[in-house]
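To start, the structure itself, in structure tokens.
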Amino acid sequence: MERIRKGDRVVLRKRITSSRNPDATPIVAKGAQSVVLEIDRAKGRARVERVNLRWHHQRPNRLYPQGTRLEREEWVQLSNLMPYCDQCKRGVRVTYRTDASGTKEKCCRKCGTVLRSGGK
Ligand SMILES: [Zn+2]
């Protein structure tokens with residue numbers, strides 16, 4: 001079972017700053033809470049809704065004959081994300097167990113709430 005999967009609620013463990021000026025106001029504050037949109041397992045990273053937005057400059061194409069500027073989510077490393085627990089109201093470490101019928105469950109290590117049951 002995977003620690004973080006598409007659609008999961010997660011908490012950002014790190015503040016994200018501009019690479020040009022790391023001392024400036026963070027682009028995303030530590031503790032931001034959101035939902036995973038997409039995961040890139042090979043590179044161990046995810047796109048998280050409204051987290052780490054960057055302007056993407058789209059060259060002219062059929063859809064945008066003038067070209068355009070699109071705001072889109074940039075990748076965040078999975079190691080900087082923590083699964084969110086509704087009971088604890090915070091990002092938590094998780095543990096895995098198998099229930100009586102043999103279904104794998106992902107649980108909050110703090111309060112034991114089942115965060116996901118079955119599936120991958
Ligand atoms: Zn919990």
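Identifiers in the structure tokens: chain A, B, ... in order shown; residue index from 1 per chain; ligand index from 1 in order shown.
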
**Message:** Around ligand 1, which protein and nucleic acid residues have at least one atom no more than 8 Å from it, if we count only C-alpha atoms and all ligand atoms? List them as a PyMOL selection string.
**Reply:** chain A and resi 85-90+92+107-113

Would you tabulate, counting only C-alpha atoms, all residues of segment 9-31 of chain A that have an atom at most 10 Å from an atom of segment 42-50 of chain A, showing the closest pair of atoms and their distance in Å to one decimal, sorted by chain then ascending number, as a Markdown table?
| residue | atom | partner | partner_atom | distance |
| --- | --- | --- | --- | --- |
| A:Arg9 | CA | A:Val48 | CA | 9.2 |
| A:Val10 | CA | A:Val48 | CA | 8.3 |
| A:Val11 | CA | A:Val48 | CA | 9.7 |
| A:Leu12 | CA | A:Val48 | CA | 9.3 |
| A:Val28 | CA | A:Arg50 | CA | 9.3 |

Pull N, CA and C atoms from the residues just selected and write them as a PDB file, in the first residue's frame.
ATOM      1  N   ARG A   9      -5.564  13.603   0.894  1.00  0.00           N
ATOM      2  CA  ARG A   9      -5.311  14.894   1.541  1.00  0.00           C
ATOM      3  C   ARG A   9      -3.913  14.843   2.137  1.00  0.00           C
ATOM      4  N   VAL A  10      -3.144  15.882   1.899  1.00  0.00           N
ATOM      5  CA  VAL A  10      -1.782  15.898   2.421  1.00  0.00           C
ATOM      6  C   VAL A  10      -1.455  17.250   3.038  1.00  0.00           C
ATOM      7  N   VAL A  11      -0.398  17.252   3.829  1.00  0.00           N
ATOM      8  CA  VAL A  11       0.092  18.474   4.444  1.00  0.00           C
ATOM      9  C   VAL A  11       1.528  18.671   3.988  1.00  0.00           C
ATOM     10  N   LEU A  12       1.845  19.883   3.637  1.00  0.00           N
ATOM     11  CA  LEU A  12       3.196  20.197   3.194  1.00  0.00           C
ATOM     12  C   LEU A  12       4.080  20.399   4.416  1.00  0.00           C
ATOM     13  N   VAL A  28       4.902  29.053  -0.834  1.00  0.00           N
ATOM     14  CA  VAL A  28       3.907  28.264  -0.124  1.00  0.00           C
ATOM     15  C   VAL A  28       4.405  28.097   1.306  1.00  0.00           C
TER      16      VAL A  28
END

**Request:** Name all residues at most 10 Å from Arg15 of chain A (count only C-alpha atoms; drop same-chain ones fewer than 5 positions away) and give them as a PyMOL selection string.
**Result:** chain A and resi 25-32+52+80

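Distances from A:Met1, A:Leu78, A:Leu37, A:Ile16 to Thr95 of chain A were compared using only C-alpha atoms, and the smallest one belongs to A:Met1.
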
**Item:** Atomic separation - atom CA of Arg41 of chain A relative to atom CA of Gly118 of chain A, Å
**Value:** 19.6 Å

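DSSP on the backbone gives strand (DSSP E or B) for these parts of segment 2-36 of chain A: Arg9, Val10, Val11, Leu12, Ile16, Val28, Gln33, Ser34, Val35 and Val36 of chain A.
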
Export N, CA and C atoms of the chosen residues as a tab-separated table (two decimals), in the first residue's frame?
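Done, and the output landed in selection-v8.tsv:
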chain	number	residue	atom	x	y	z
A	9	ARG	N	-5.56	13.60	0.89
A	9	ARG	CA	-5.31	14.89	1.54
A	9	ARG	C	-3.91	14.84	2.14
A	10	VAL	N	-3.14	15.88	1.90
A	10	VAL	CA	-1.78	15.90	2.42
A	10	VAL	C	-1.45	17.25	3.04
A	11	VAL	N	-0.40	17.25	3.83
A	11	VAL	CA	0.09	18.47	4.44
A	11	VAL	C	1.53	18.67	3.99
A	12	LEU	N	1.84	19.88	3.64
A	12	LEU	CA	3.20	20.20	3.19
A	12	LEU	C	4.08	20.40	4.42
A	16	ILE	N	8.05	26.44	0.65
A	16	ILE	CA	8.66	26.49	-0.67
A	16	ILE	C	8.99	27.93	-0.98
A	28	VAL	N	4.90	29.05	-0.83
A	28	VAL	CA	3.91	28.26	-0.12
A	28	VAL	C	4.41	28.10	1.31
A	33	GLN	N	-2.35	22.70	3.35
A	33	GLN	CA	-3.11	21.46	3.26
A	33	GLN	C	-3.83	21.39	1.94
A	34	SER	N	-3.72	20.26	1.25
A	34	SER	CA	-4.41	20.17	-0.03
A	34	SER	C	-4.57	18.73	-0.48
A	35	VAL	N	-4.89	18.58	-1.76
A	35	VAL	CA	-5.19	17.27	-2.32
A	35	VAL	C	-4.21	16.95	-3.44
A	36	VAL	N	-3.75	15.71	-3.48
A	36	VAL	CA	-2.81	15.29	-4.52
A	36	VAL	C	-3.53	15.14	-5.86

**Request:** Mind checking which residues fall within 6 Å of Leu53 of chain A, counting only C-alpha atoms, ignoring those fewer than 6 positions away in the same chain, and posting them as JSON, numbers by chain?
**Result:** {"A": [72, 73, 74]}

Output for the residues just chosen: C-alpha atoms as a compact mmCIF listing (two decimals), in the first residue's frame:
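again.txt was written with the following content:
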# COMPACT_ATOMS: atom_id res chain seq x y z
CA ARG A 72 -0.02 25.45 -12.95
CA GLU A 73 1.16 23.34 -10.06
CA GLU A 74 4.86 22.56 -9.96

**Prompt:** Can you list, as a ChimeraX atom specification, every protein, DNA or RNA residue that comes within 10 Å of Gly119 of chain A when you count only C-alpha atoms, leaving out same-chain residues fewer than 4 positions away?
**Reply:** /A:1-2,103-105

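Distances here use only C-alpha atoms; by that measure, the residue among A:Ser101, A:Pro83, A:Lys106, A:Gln58 closest to Arg13 of chain A is A:Pro83.
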
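In this structure, atom CA of Asp23 of chain A sits 24.2 Å away from atom CA of Met82 of chain A.
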